[in-house]
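Undergrad: This is the structure I have questions about; it appears just below.
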Amino acid sequence: MSEDWRQDVSDSLFVHRLLPLHRERSLEAAFPAKKVLASRVIAGLPQGSAHSLGTLTSQPDGFALHAPLRGAERWPAAAPDGDYTGFGHADACFALDEEDWSGYNRLVFQVYPETNGADVAHLHASLATGAGDAYAREGETSFNLVPGRWNDCYWEFPELPRARVTCLRLYVLLCGRDAAMDPALRYRFRGLRAERVEGTEHFEGWDVAPGHIAFSTGGYLAHGHKEALAQPQDVSVFSLLAAQSGKAVFTAPSRKLTTDKGDFCSLDFSAFTAAGTYRLRFGALTSPPFAIGGDMPREALYKAVNFLFAERCGTPVPGRHCACHLDSVARHKGVGLSYAGGWHDAGDVSQQTVQTGEAVHALLEAAARCKGNAPLRARLLEEAQWGLDFVLRTRFGDGYRATSAGATRWTDGQTGNMDDVDVRVHNHAFENFLLSGVEAVAATALRQDCPALAHGSLRAAQEDFAFAMARWQACGMELPNMYEHTYNASFSQYAAVIAHSAALLYSQTGEKFYAAAAVEYGKHLLACQEQAGRLAGFFYRDERRETIVHFTHQSREHLFMQALDALCAGLPDHPDVPAWLAAMARYGEYLKALAPYAAPYGMLPAGAYRADEYLDAKHFPLLHLLVSYEREKENYRAQLQAAVPAGNELVVRCFPVWFSFRGNTAVHLAMGKAAAIAGRRLGDERLRDMGREQLYWVLGKNPFAQSLVYGMGCRYASQYAVFPGEVTGEIPVGIQTRGNADIPYWPQAANATYKEVWISAASRWIWLLAEYVEEGA
């Protein structure tokens, strides 16, 4: 652990104050130094749009936007219940009369947010080019601002068509206020201009960003495969340099590769295992310093905890907000309970009980494996208990529980008025089975440190399993509300969560009922697995084996291996153990068959698809929310045609088939977790390496040579974090694709969903890190 990092952790009181952002290592830190080739001042007083609730005034060096934080005191007709709704917006619009901006590739300005009492401020910008997409993902960005000072804002947009620009719009969402905030805001703007600069960031393609080495900027584990990638050079060797002395400590041949992804040079230093801090040198390129050794997973876990801490709901978060959403109340049979607690879901302030539960599970698993670092273990357990408290007290005790709330506003904390957030309440078998497993994990993980909470968790696990089984037997598979993050749950996923929870409960209680349920649903799970062919091992939605399990931006791919691992651990003498192990091995071989499709990168491809899946109108709405099948059917077919044929009427895509909701961090991390589980159980180091490679992709071994975790490594880009603000450890929904291509697309713009911070991605990140934290213990 470096001295600087050790000091950051100490100063944060082991993350009871937020870690520093280290913006000096961010992607945007290099933007002021880029050479400006042309510039065009955008002057004059802009106008507000028809629905803007702000006013605009001239300033000596620019203009100002004024608005109340609670603009509208009634919800719009499109959202009469206030779901996912704020208090309007305030904007400043520059009419541009189809100007040709082809000669410019970025927007630059300064903004001074006066939001007294607020620690966080935001701003959105959009550019109307006449070529926007149907889901407002293109031509939009956001800025995470520091109130009370001038903020430099840069938006690079070389990916946008710019021949006929009609409007530049700057706008603020009016999101209400907490107890400390003044009732109104004022944003002052100056220096607004369009520029053309040299060296805009690489935004699309498999080729490595020019002038960079694609490597894990957050470091490498000493064990396993260690590689970096670069564009080809006429250089036959590369070196590892000691970061302080600059002395070469390892030199090896570079290897030129040509794949369907392009031409690359591989810099493989797997043979070098000495812990320390190094740089890579390859021809004219020298990387920033990075570590080899065991610190990476521990540093990443601290930073992930920092992100979750910032996302806490219902309590003051120093440097972010006062106690929030105390007036979010779930009601059932005349009884109400507070839904404040757990963690906000994303860049907004929505809540999902399952999302919080999965984060609890991941934190507890990481703590259980973090034997070599007592302070980190204690902090992981503490944050897990914060989320566990929410999971336990949002139960109504009869199978019903508070499950989610859609919120994009701060509320006043007073129940009974218009800004209260409605909370969804359900008795749904899938959620209760899954959360029973979380509670069972807690019962084991907390037995020594907090026996009273462990006892209560076990009781809740047993009760919730019973409620779930009763509901399952009475109703079978049920669709929850569309906004629940379990909407895509298939029969095979039900079988996985039942087997997993039952195996854990059997281990803790010895009750044969649980063993019988675990074995029964283990059989159902195996019946959903593809048994034959070159890509055997994936799972179907049910035992008919007709529809393959897929995920878009959300993923629970790890559930299948998690369940089989729990079966092997909980019933080690059962005669079905060989079948469970064979299923894990079959899935492992499936991942090994998939991996070459993304080579030379280690990111696991999204998986196998049937070439005719675009004809499946029945399952389309389960995967693709708020999207019309009829409108997207031909795009679905085009995305499958962009995939690589794999025989037996199957094709393989590196990224999912998707439309509105895009970003693959949770997808490939869940697959990495599955690979790591199977590798650990089977003693298969190649599968373990696949898990490591998912960590490295996130930390910079990707075509854009960017870390996707803010504050981890270097070249991390600003993310869409309207409510929490920029936070060290935040991780986005992930790298996307453009249109129907199967090619990585990562523009600098910070927009939802792909660059929105998300605790689902953080949970999968923590879960995967848990598999490797012992390597550095």
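Chain lettering (A, B, ...) mirrors the order of the structure tokens, residue numbering begins at 1 for each chain separately, and ligand numbering begins at 1 in order of display.
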With a distance cut-off of 10 Å and only C-alpha atoms, select the neighbouring residues of Phe467 (chain A), excluding the residue or stretch itself and same-chain residues fewer than 2 positions from it, and output the selection as a ChimeraX atom specification.
TA: /A:397-400,427-429,432-433,436,461-465,469-472
Undergrad: Taking 6 positions as the minimum chain separation for residues in the same chain, which residues sit within 8 Å of Ala184 (chain A) when counting only C-alpha atoms? Answer as a list in words.
TA: His66, Ala67, Pro68, Leu69, Arg70 and Thr115 of chain A
Undergrad: Which of these, A:Trp658, A:Gly602, A:Asp133, A:Gln508, has the shortest distance to Glu227 (chain A) once you count only C-alpha atoms?
TA: A:Gly602
Undergrad: If I take CA of Gln110 (chain A) and CA of Phe704 (chain A), how far is one from the other in Å, to one decimal?
TA: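 Between CA of Gln110 (chain A) and CA of Phe704 (chain A) the gap works out to 26.6 Å.
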Undergrad: With distances taken over only C-alpha atoms, which residue among A:Val354, A:Cys528, A:Leu623, A:Leu650 lies nearest Arg610 (chain A)?
TA: A:Leu650
Undergrad: So which one's closest to Ala180 (chain A), A:Leu604, A:Leu564, A:Ala323, A:Leu145? Using only C-alpha atoms, please.
TA: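 So, comparing all the options, the nearest one is A:Ala323.
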Undergrad: Find the residues near Phe272 (chain A): any atom within 12 Å, counting only C-alpha atoms, skip ones fewer than 5 places away on the same chain, and give them as a VMD selection string.
TA: chain A and resid 220 to 227 239 to 241 249 to 252 267 278 292 to 293
Undergrad: Just the selected residues (all heavy atoms), exported as a short mmCIF file (atom, residue, chain, number, x, y, z; two decimals), in the first residue's frame, please.
TA:
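Now in part.cif:
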```cif
data_model
loop_
_atom_site.label_atom_id
_atom_site.label_comp_id
_atom_site.auth_asym_id
_atom_site.auth_seq_id
_atom_site.Cartn_x
_atom_site.Cartn_y
_atom_site.Cartn_z
N TYR A 220 -2.07 -4.95 -10.86
CA TYR A 220 -2.25 -6.36 -11.18
C TYR A 220 -2.00 -7.21 -9.94
O TYR A 220 -1.16 -6.87 -9.09
CB TYR A 220 -1.26 -6.81 -12.26
CG TYR A 220 -1.51 -6.26 -13.64
CD1 TYR A 220 -1.08 -4.98 -13.98
CD2 TYR A 220 -2.17 -7.01 -14.61
CE1 TYR A 220 -1.29 -4.47 -15.26
CE2 TYR A 220 -2.39 -6.50 -15.89
CZ TYR A 220 -1.95 -5.23 -16.20
OH TYR A 220 -2.16 -4.73 -17.46
N LEU A 221 -2.71 -8.31 -9.86
CA LEU A 221 -2.38 -9.33 -8.87
C LEU A 221 -1.09 -10.02 -9.26
O LEU A 221 -0.77 -10.15 -10.46
CB LEU A 221 -3.52 -10.35 -8.77
CG LEU A 221 -4.84 -9.77 -8.23
CD1 LEU A 221 -6.01 -10.63 -8.66
CD2 LEU A 221 -4.78 -9.64 -6.72
N ALA A 222 -0.32 -10.46 -8.28
CA ALA A 222 0.95 -11.11 -8.59
C ALA A 222 0.73 -12.42 -9.32
O ALA A 222 1.51 -12.79 -10.20
CB ALA A 222 1.75 -11.34 -7.30
N HIS A 223 -0.33 -13.12 -8.96
CA HIS A 223 -0.62 -14.42 -9.57
C HIS A 223 -1.35 -14.24 -10.90
O HIS A 223 -2.02 -13.25 -11.14
CB HIS A 223 -1.48 -15.27 -8.63
CG HIS A 223 -0.86 -15.52 -7.30
ND1 HIS A 223 0.20 -16.37 -7.13
CD2 HIS A 223 -1.15 -15.02 -6.08
CE1 HIS A 223 0.54 -16.39 -5.85
NE2 HIS A 223 -0.27 -15.59 -5.20
N GLY A 224 -1.22 -15.23 -11.76
CA GLY A 224 -2.03 -15.29 -12.96
C GLY A 224 -1.49 -14.47 -14.12
O GLY A 224 -0.38 -13.93 -14.09
N HIS A 225 -2.32 -14.41 -15.14
CA HIS A 225 -1.95 -13.77 -16.39
C HIS A 225 -1.87 -12.25 -16.22
O HIS A 225 -2.77 -11.63 -15.65
CB HIS A 225 -3.00 -14.11 -17.45
CG HIS A 225 -2.70 -13.60 -18.82
ND1 HIS A 225 -1.61 -14.03 -19.54
CD2 HIS A 225 -3.36 -12.70 -19.60
CE1 HIS A 225 -1.61 -13.41 -20.71
NE2 HIS A 225 -2.65 -12.60 -20.77
N LYS A 226 -0.79 -11.66 -16.70
CA LYS A 226 -0.61 -10.20 -16.63
C LYS A 226 -0.14 -9.74 -18.01
O LYS A 226 0.92 -10.14 -18.49
CB LYS A 226 0.44 -9.83 -15.57
CG LYS A 226 0.02 -10.17 -14.15
CD LYS A 226 1.00 -9.65 -13.13
CE LYS A 226 2.34 -10.37 -13.19
NZ LYS A 226 2.23 -11.79 -12.82
N GLU A 227 -0.95 -8.90 -18.64
CA GLU A 227 -0.68 -8.49 -20.01
C GLU A 227 -1.19 -7.08 -20.22
O GLU A 227 -2.14 -6.64 -19.56
CB GLU A 227 -1.40 -9.44 -20.98
CG GLU A 227 -1.18 -9.16 -22.46
CD GLU A 227 -2.15 -9.92 -23.34
OE1 GLU A 227 -3.32 -10.07 -22.94
OE2 GLU A 227 -1.75 -10.35 -24.43
N SER A 239 9.65 -3.32 -21.71
CA SER A 239 10.29 -3.44 -20.39
C SER A 239 9.34 -2.99 -19.30
O SER A 239 8.48 -2.13 -19.50
CB SER A 239 11.57 -2.60 -20.33
OG SER A 239 12.52 -3.05 -21.25
N LEU A 240 9.54 -3.60 -18.12
CA LEU A 240 8.97 -3.09 -16.89
C LEU A 240 10.06 -2.29 -16.19
O LEU A 240 11.18 -2.78 -16.01
CB LEU A 240 8.54 -4.24 -15.96
CG LEU A 240 7.14 -4.82 -16.09
CD1 LEU A 240 7.00 -5.99 -15.12
CD2 LEU A 240 6.08 -3.78 -15.78
N LEU A 241 9.72 -1.06 -15.81
CA LEU A 241 10.68 -0.20 -15.13
C LEU A 241 10.25 -0.01 -13.68
O LEU A 241 9.06 0.17 -13.39
CB LEU A 241 10.74 1.17 -15.80
CG LEU A 241 10.87 1.23 -17.32
CD1 LEU A 241 10.89 2.68 -17.78
CD2 LEU A 241 12.11 0.49 -17.79
N VAL A 249 13.52 -3.79 -14.82
CA VAL A 249 13.58 -4.97 -13.96
C VAL A 249 13.11 -6.22 -14.70
O VAL A 249 13.25 -7.34 -14.18
CB VAL A 249 12.74 -4.77 -12.69
CG1 VAL A 249 13.32 -3.64 -11.84
CG2 VAL A 249 11.27 -4.47 -13.04
N PHE A 250 12.51 -6.03 -15.87
CA PHE A 250 12.02 -7.17 -16.64
C PHE A 250 11.91 -6.71 -18.09
O PHE A 250 11.37 -5.64 -18.39
CB PHE A 250 10.64 -7.62 -16.14
CG PHE A 250 10.03 -8.74 -16.92
CD1 PHE A 250 10.39 -10.06 -16.70
CD2 PHE A 250 9.06 -8.47 -17.89
CE1 PHE A 250 9.80 -11.10 -17.42
CE2 PHE A 250 8.47 -9.50 -18.62
CZ PHE A 250 8.85 -10.82 -18.38
N THR A 251 12.45 -7.49 -18.99
CA THR A 251 12.37 -7.20 -20.43
C THR A 251 11.97 -8.48 -21.15
O THR A 251 12.46 -9.57 -20.81
CB THR A 251 13.72 -6.70 -20.97
OG1 THR A 251 14.06 -5.48 -20.29
CG2 THR A 251 13.64 -6.42 -22.46
N ALA A 252 11.07 -8.35 -22.10
CA ALA A 252 10.58 -9.53 -22.82
C ALA A 252 10.17 -9.12 -24.23
O ALA A 252 9.94 -7.94 -24.50
CB ALA A 252 9.40 -10.16 -22.08
N LEU A 267 1.94 -7.25 -24.64
CA LEU A 267 3.05 -7.09 -23.72
C LEU A 267 2.76 -7.97 -22.52
O LEU A 267 2.02 -7.59 -21.60
CB LEU A 267 3.20 -5.63 -23.30
CG LEU A 267 3.06 -4.57 -24.41
CD1 LEU A 267 3.19 -3.16 -23.83
CD2 LEU A 267 4.08 -4.79 -25.52
N TYR A 278 5.59 -0.08 -10.76
CA TYR A 278 6.33 -0.15 -12.02
C TYR A 278 5.67 0.72 -13.08
O TYR A 278 4.55 1.20 -12.92
CB TYR A 278 6.38 -1.62 -12.52
CG TYR A 278 6.93 -2.57 -11.49
CD1 TYR A 278 6.06 -3.30 -10.67
CD2 TYR A 278 8.29 -2.73 -11.33
CE1 TYR A 278 6.57 -4.17 -9.71
CE2 TYR A 278 8.81 -3.61 -10.38
CZ TYR A 278 7.94 -4.32 -9.56
OH TYR A 278 8.44 -5.17 -8.62
N ILE A 292 2.11 -4.07 -8.84
CA ILE A 292 1.94 -5.52 -8.92
C ILE A 292 1.98 -6.03 -7.49
O ILE A 292 2.86 -5.67 -6.72
CB ILE A 292 3.05 -6.18 -9.76
CG1 ILE A 292 2.96 -5.74 -11.22
CG2 ILE A 292 2.96 -7.70 -9.67
CD1 ILE A 292 4.08 -6.27 -12.09
N GLY A 293 1.02 -6.85 -7.15
CA GLY A 293 0.97 -7.36 -5.78
C GLY A 293 -0.45 -7.41 -5.28
O GLY A 293 -1.41 -7.27 -6.04
#
```
Undergrad: So how many Å separate CA of Asp234 (chain A) and CA of Pro744 (chain A), to one decimal?
TA: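 Going from CA of Asp234 (chain A) over to CA of Pro744 (chain A) covers 26.5 Å.
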Undergrad: Just the residues within 12 Å of region 451-460 of chain A, please, counting only C-alpha atoms, with nothing from its chain fewer than 3 positions along; format it as a JSON list (two decimals) with N, CA and C atoms, in the first residue's frame.
TA:
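Final output, saved to out_23.json:
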```json
[["chain", "number", "residue", "atom", "x", "y", "z"],
["A", 381, "LEU", "N", -17.79, -5.25, 7.10],
["A", 381, "LEU", "CA", -18.88, -5.75, 7.93],
["A", 381, "LEU", "C", -19.81, -4.61, 8.36],
["A", 384, "ALA", "N", -21.95, -3.57, 5.45],
["A", 384, "ALA", "CA", -22.92, -4.64, 5.20],
["A", 384, "ALA", "C", -24.06, -4.58, 6.20],
["A", 385, "GLN", "N", -23.74, -4.31, 7.47],
["A", 385, "GLN", "CA", -24.79, -4.25, 8.49],
["A", 385, "GLN", "C", -25.74, -3.08, 8.25],
["A", 386, "TRP", "N", -25.20, -1.99, 7.69],
["A", 386, "TRP", "CA", -26.10, -0.87, 7.33],
["A", 386, "TRP", "C", -27.16, -1.34, 6.33],
["A", 388, "LEU", "N", -28.00, -4.52, 5.69],
["A", 388, "LEU", "CA", -28.78, -5.63, 6.25],
["A", 388, "LEU", "C", -29.92, -5.11, 7.11],
["A", 389, "ASP", "N", -29.66, -4.07, 7.87],
["A", 389, "ASP", "CA", -30.71, -3.47, 8.69],
["A", 389, "ASP", "C", -31.92, -3.10, 7.82],
["A", 390, "PHE", "N", -31.64, -2.52, 6.65],
["A", 390, "PHE", "CA", -32.71, -2.14, 5.73],
["A", 390, "PHE", "C", -33.45, -3.37, 5.21],
["A", 391, "VAL", "N", -32.72, -4.41, 4.82],
["A", 391, "VAL", "CA", -33.34, -5.64, 4.31],
["A", 391, "VAL", "C", -34.27, -6.24, 5.36],
["A", 392, "LEU", "N", -33.84, -6.25, 6.62],
["A", 392, "LEU", "CA", -34.63, -6.89, 7.67],
["A", 392, "LEU", "C", -35.86, -6.07, 8.05],
["A", 393, "ARG", "N", -35.71, -4.76, 8.13],
["A", 393, "ARG", "CA", -36.84, -3.98, 8.65],
["A", 393, "ARG", "C", -37.83, -3.53, 7.57],
["A", 394, "THR", "N", -37.57, -3.87, 6.31],
["A", 394, "THR", "CA", -38.56, -3.58, 5.26],
["A", 394, "THR", "C", -39.45, -4.79, 5.00],
["A", 395, "ARG", "N", -39.39, -5.78, 5.89],
["A", 395, "ARG", "CA", -40.28, -6.94, 5.84],
["A", 395, "ARG", "C", -41.54, -6.64, 6.65],
["A", 396, "PHE", "N", -42.71, -6.99, 6.13],
["A", 396, "PHE", "CA", -43.95, -6.82, 6.88],
["A", 396, "PHE", "C", -44.28, -8.05, 7.73],
["A", 397, "GLY", "N", -43.54, -9.13, 7.56],
["A", 397, "GLY", "CA", -43.71, -10.28, 8.42],
["A", 397, "GLY", "C", -44.73, -11.28, 7.94],
["A", 398, "ASP", "N", -45.30, -11.07, 6.74],
["A", 398, "ASP", "CA", -46.29, -12.01, 6.21],
["A", 398, "ASP", "C", -45.97, -12.40, 4.77],
["A", 399, "GLY", "N", -44.74, -12.18, 4.36],
["A", 399, "GLY", "CA", -44.35, -12.43, 2.98],
["A", 399, "GLY", "C", -44.27, -11.17, 2.15],
["A", 432, "ASN", "N", -38.17, -12.97, -2.22],
["A", 432, "ASN", "CA", -38.05, -13.60, -0.90],
["A", 432, "ASN", "C", -37.05, -14.75, -0.90],
["A", 433, "PHE", "N", -37.00, -15.53, -1.97],
["A", 433, "PHE", "CA", -35.98, -16.58, -2.04],
["A", 433, "PHE", "C", -34.57, -15.96, -2.07],
["A", 435, "LEU", "N", -33.55, -12.94, -1.09],
["A", 435, "LEU", "CA", -33.19, -12.25, 0.15],
["A", 435, "LEU", "C", -33.07, -13.22, 1.32],
["A", 436, "SER", "N", -33.77, -14.35, 1.25],
["A", 436, "SER", "CA", -33.54, -15.41, 2.25],
["A", 436, "SER", "C", -32.09, -15.87, 2.19],
["A", 437, "GLY", "N", -31.55, -15.99, 0.97],
["A", 437, "GLY", "CA", -30.14, -16.36, 0.83],
["A", 437, "GLY", "C", -29.22, -15.31, 1.40],
["A", 438, "VAL", "N", -29.52, -14.03, 1.16],
["A", 438, "VAL", "CA", -28.71, -12.95, 1.73],
["A", 438, "VAL", "C", -28.72, -13.02, 3.25],
["A", 439, "GLU", "N", -29.90, -13.22, 3.81],
["A", 439, "GLU", "CA", -30.02, -13.31, 5.27],
["A", 439, "GLU", "C", -29.29, -14.52, 5.82],
["A", 440, "ALA", "N", -29.31, -15.63, 5.08],
["A", 440, "ALA", "CA", -28.58, -16.82, 5.51],
["A", 440, "ALA", "C", -27.07, -16.59, 5.47],
["A", 441, "VAL", "N", -26.60, -15.89, 4.45],
["A", 441, "VAL", "CA", -25.18, -15.53, 4.40],
["A", 441, "VAL", "C", -24.82, -14.67, 5.60],
["A", 442, "ALA", "N", -25.69, -13.72, 5.93],
["A", 442, "ALA", "CA", -25.44, -12.85, 7.08],
["A", 442, "ALA", "C", -25.39, -13.64, 8.38],
["A", 443, "ALA", "N", -26.25, -14.64, 8.50],
["A", 443, "ALA", "CA", -26.27, -15.44, 9.73],
["A", 443, "ALA", "C", -24.93, -16.12, 9.98],
["A", 444, "THR", "N", -24.29, -16.57, 8.91],
["A", 444, "THR", "CA", -22.97, -17.19, 9.05],
["A", 444, "THR", "C", -21.88, -16.15, 9.24],
["A", 445, "ALA", "N", -21.91, -15.09, 8.42],
["A", 445, "ALA", "CA", -20.83, -14.11, 8.42],
["A", 445, "ALA", "C", -20.74, -13.33, 9.72],
["A", 446, "LEU", "N", -21.87, -13.14, 10.41],
["A", 446, "LEU", "CA", -21.90, -12.30, 11.59],
["A", 446, "LEU", "C", -21.92, -13.10, 12.90],
["A", 447, "ARG", "N", -21.79, -14.41, 12.81],
["A", 447, "ARG", "CA", -21.94, -15.26, 13.99],
["A", 447, "ARG", "C", -20.96, -14.88, 15.10],
["A", 448, "GLN", "N", -19.72, -14.60, 14.73],
["A", 448, "GLN", "CA", -18.72, -14.26, 15.74],
["A", 448, "GLN", "C", -18.76, -12.79, 16.12],
["A", 463, "GLU", "N", -38.00, -17.64, 7.73],
["A", 463, "GLU", "CA", -39.35, -17.15, 7.50],
["A", 463, "GLU", "C", -39.54, -16.77, 6.03],
["A", 464, "ASP", "N", -38.57, -16.05, 5.49],
["A", 464, "ASP", "CA", -38.71, -15.60, 4.10],
["A", 464, "ASP", "C", -38.68, -16.77, 3.13],
["A", 465, "PHE", "N", -37.89, -17.79, 3.44],
["A", 465, "PHE", "CA", -37.90, -18.98, 2.58],
["A", 465, "PHE", "C", -39.27, -19.64, 2.62],
["A", 466, "ALA", "N", -39.87, -19.71, 3.80],
["A", 466, "ALA", "CA", -41.20, -20.31, 3.92],
["A", 466, "ALA", "C", -42.25, -19.49, 3.16],
["A", 467, "PHE", "N", -42.20, -18.17, 3.32],
["A", 467, "PHE", "CA", -43.13, -17.31, 2.58],
["A", 467, "PHE", "C", -42.95, -17.50, 1.07],
["A", 468, "ALA", "N", -41.70, -17.53, 0.64],
["A", 468, "ALA", "CA", -41.42, -17.66, -0.79],
["A", 468, "ALA", "C", -41.91, -19.00, -1.32],
["A", 501, "SER", "N", -30.36, -20.76, -1.53],
["A", 501, "SER", "CA", -30.85, -20.44, -0.19],
["A", 501, "SER", "C", -31.09, -21.71, 0.63],
["A", 504, "LEU", "N", -27.80, -23.21, 1.88],
["A", 504, "LEU", "CA", -27.25, -22.45, 3.00],
["A", 504, "LEU", "C", -28.03, -22.71, 4.28],
["A", 505, "LEU", "N", -29.36, -22.75, 4.18],
["A", 505, "LEU", "CA", -30.17, -23.00, 5.37],
["A", 505, "LEU", "C", -29.97, -24.41, 5.91],
["A", 506, "TYR", "N", -29.80, -25.36, 5.02],
["A", 506, "TYR", "CA", -29.51, -26.72, 5.48],
["A", 506, "TYR", "C", -28.18, -26.77, 6.24],
["A", 507, "SER", "N", -27.19, -26.07, 5.73],
["A", 507, "SER", "CA", -25.88, -26.04, 6.41],
["A", 507, "SER", "C", -25.99, -25.48, 7.81],
["A", 508, "GLN", "N", -26.91, -24.54, 8.02],
["A", 508, "GLN", "CA", -27.00, -23.87, 9.32],
["A", 508, "GLN", "C", -28.00, -24.53, 10.27],
["A", 509, "THR", "N", -29.00, -25.21, 9.73],
["A", 509, "THR", "CA", -30.03, -25.77, 10.60],
["A", 509, "THR", "C", -30.03, -27.29, 10.64]]
```
Undergrad: Extract the full set of alpha helix (DSSP H) residues from region 437-500 of chain A according to DSSP on the backbone, and format it as a ChimeraX atom specification.
TA: /A:437-445,451-475,491-500
Undergrad: Near Pro20 (chain A), counting only C-alpha atoms, which residues have an atom at most 12 Å away, once you skip same-chain residues fewer than 2 positions from it, shown as number ranges by chain?
TA: A: 4-5, 7-12, 15, 17-18, 22-25, 303, 306-307, 319, 710-712, 726-729
Undergrad: Could you give me, as an MDAnalysis selection string, the residues within 7 Å of Phe491 (chain A), counting only C-alpha atoms and dropping anything in the same chain fewer than 3 positions from it?
TA: chainID A and resid 494:495 541:542
Undergrad: Do a neighbour search on Thr356 (chain A) at 10 Å with only C-alpha atoms, toss out local chain neighbours closer than 3 positions, and write the hits as a list in words.
TA: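 Residues meeting the cut-off are Leu308, Gly341, Gly342, Trp343, His344, Asp345, Gln351, Gln352, Thr353, Ala359, Val360, His361, Ala362, Ala384, Trp386, Gly387, Leu388, Phe390, Val391, Leu435, Ile759, Ser760 and Ser763 of chain A.
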Undergrad: Determine, using only C-alpha atoms, which residues of region 687-771 of chain A have any atom at most 10 Å from an atom of region 625-639 of chain A, and tabulate each with its shortest atom pair and distance in Å to one decimal place, rows ordered by chain and then rising number, as a Markdown table.
TA:
```
| residue | atom | partner | partner_atom | distance |
| --- | --- | --- | --- | --- |
| A:Gly739 | CA | A:Asn635 | CA | 8.3 |
| A:Asn740 | CA | A:Gln639 | CA | 4.8 |
| A:Ala741 | CA | A:Gln639 | CA | 6.3 |
| A:Asp742 | CA | A:Gln639 | CA | 7.3 |
```
Undergrad: Write a file of the selected residues as a compact mmCIF listing (two decimals), in the first residue's frame, keeping N, CA, C and O atoms.
TA:
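Contents of out06.txt, freshly written:
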```txt
# COMPACT_ATOMS: atom_id res chain seq x y z
N GLY A 739 -25.70 2.01 -31.99
CA GLY A 739 -26.60 1.42 -32.98
C GLY A 739 -26.65 -0.08 -32.85
O GLY A 739 -26.78 -0.62 -31.76
N ASN A 740 -26.51 -0.78 -33.97
CA ASN A 740 -26.62 -2.23 -33.98
C ASN A 740 -25.27 -2.94 -34.05
O ASN A 740 -25.22 -4.16 -34.20
N ALA A 741 -24.20 -2.19 -33.95
CA ALA A 741 -22.86 -2.78 -34.03
C ALA A 741 -22.53 -3.56 -32.77
O ALA A 741 -23.20 -3.42 -31.73
N ASP A 742 -21.50 -4.37 -32.85
CA ASP A 742 -20.98 -5.09 -31.68
C ASP A 742 -19.55 -4.63 -31.42
O ASP A 742 -18.62 -5.42 -31.34
```
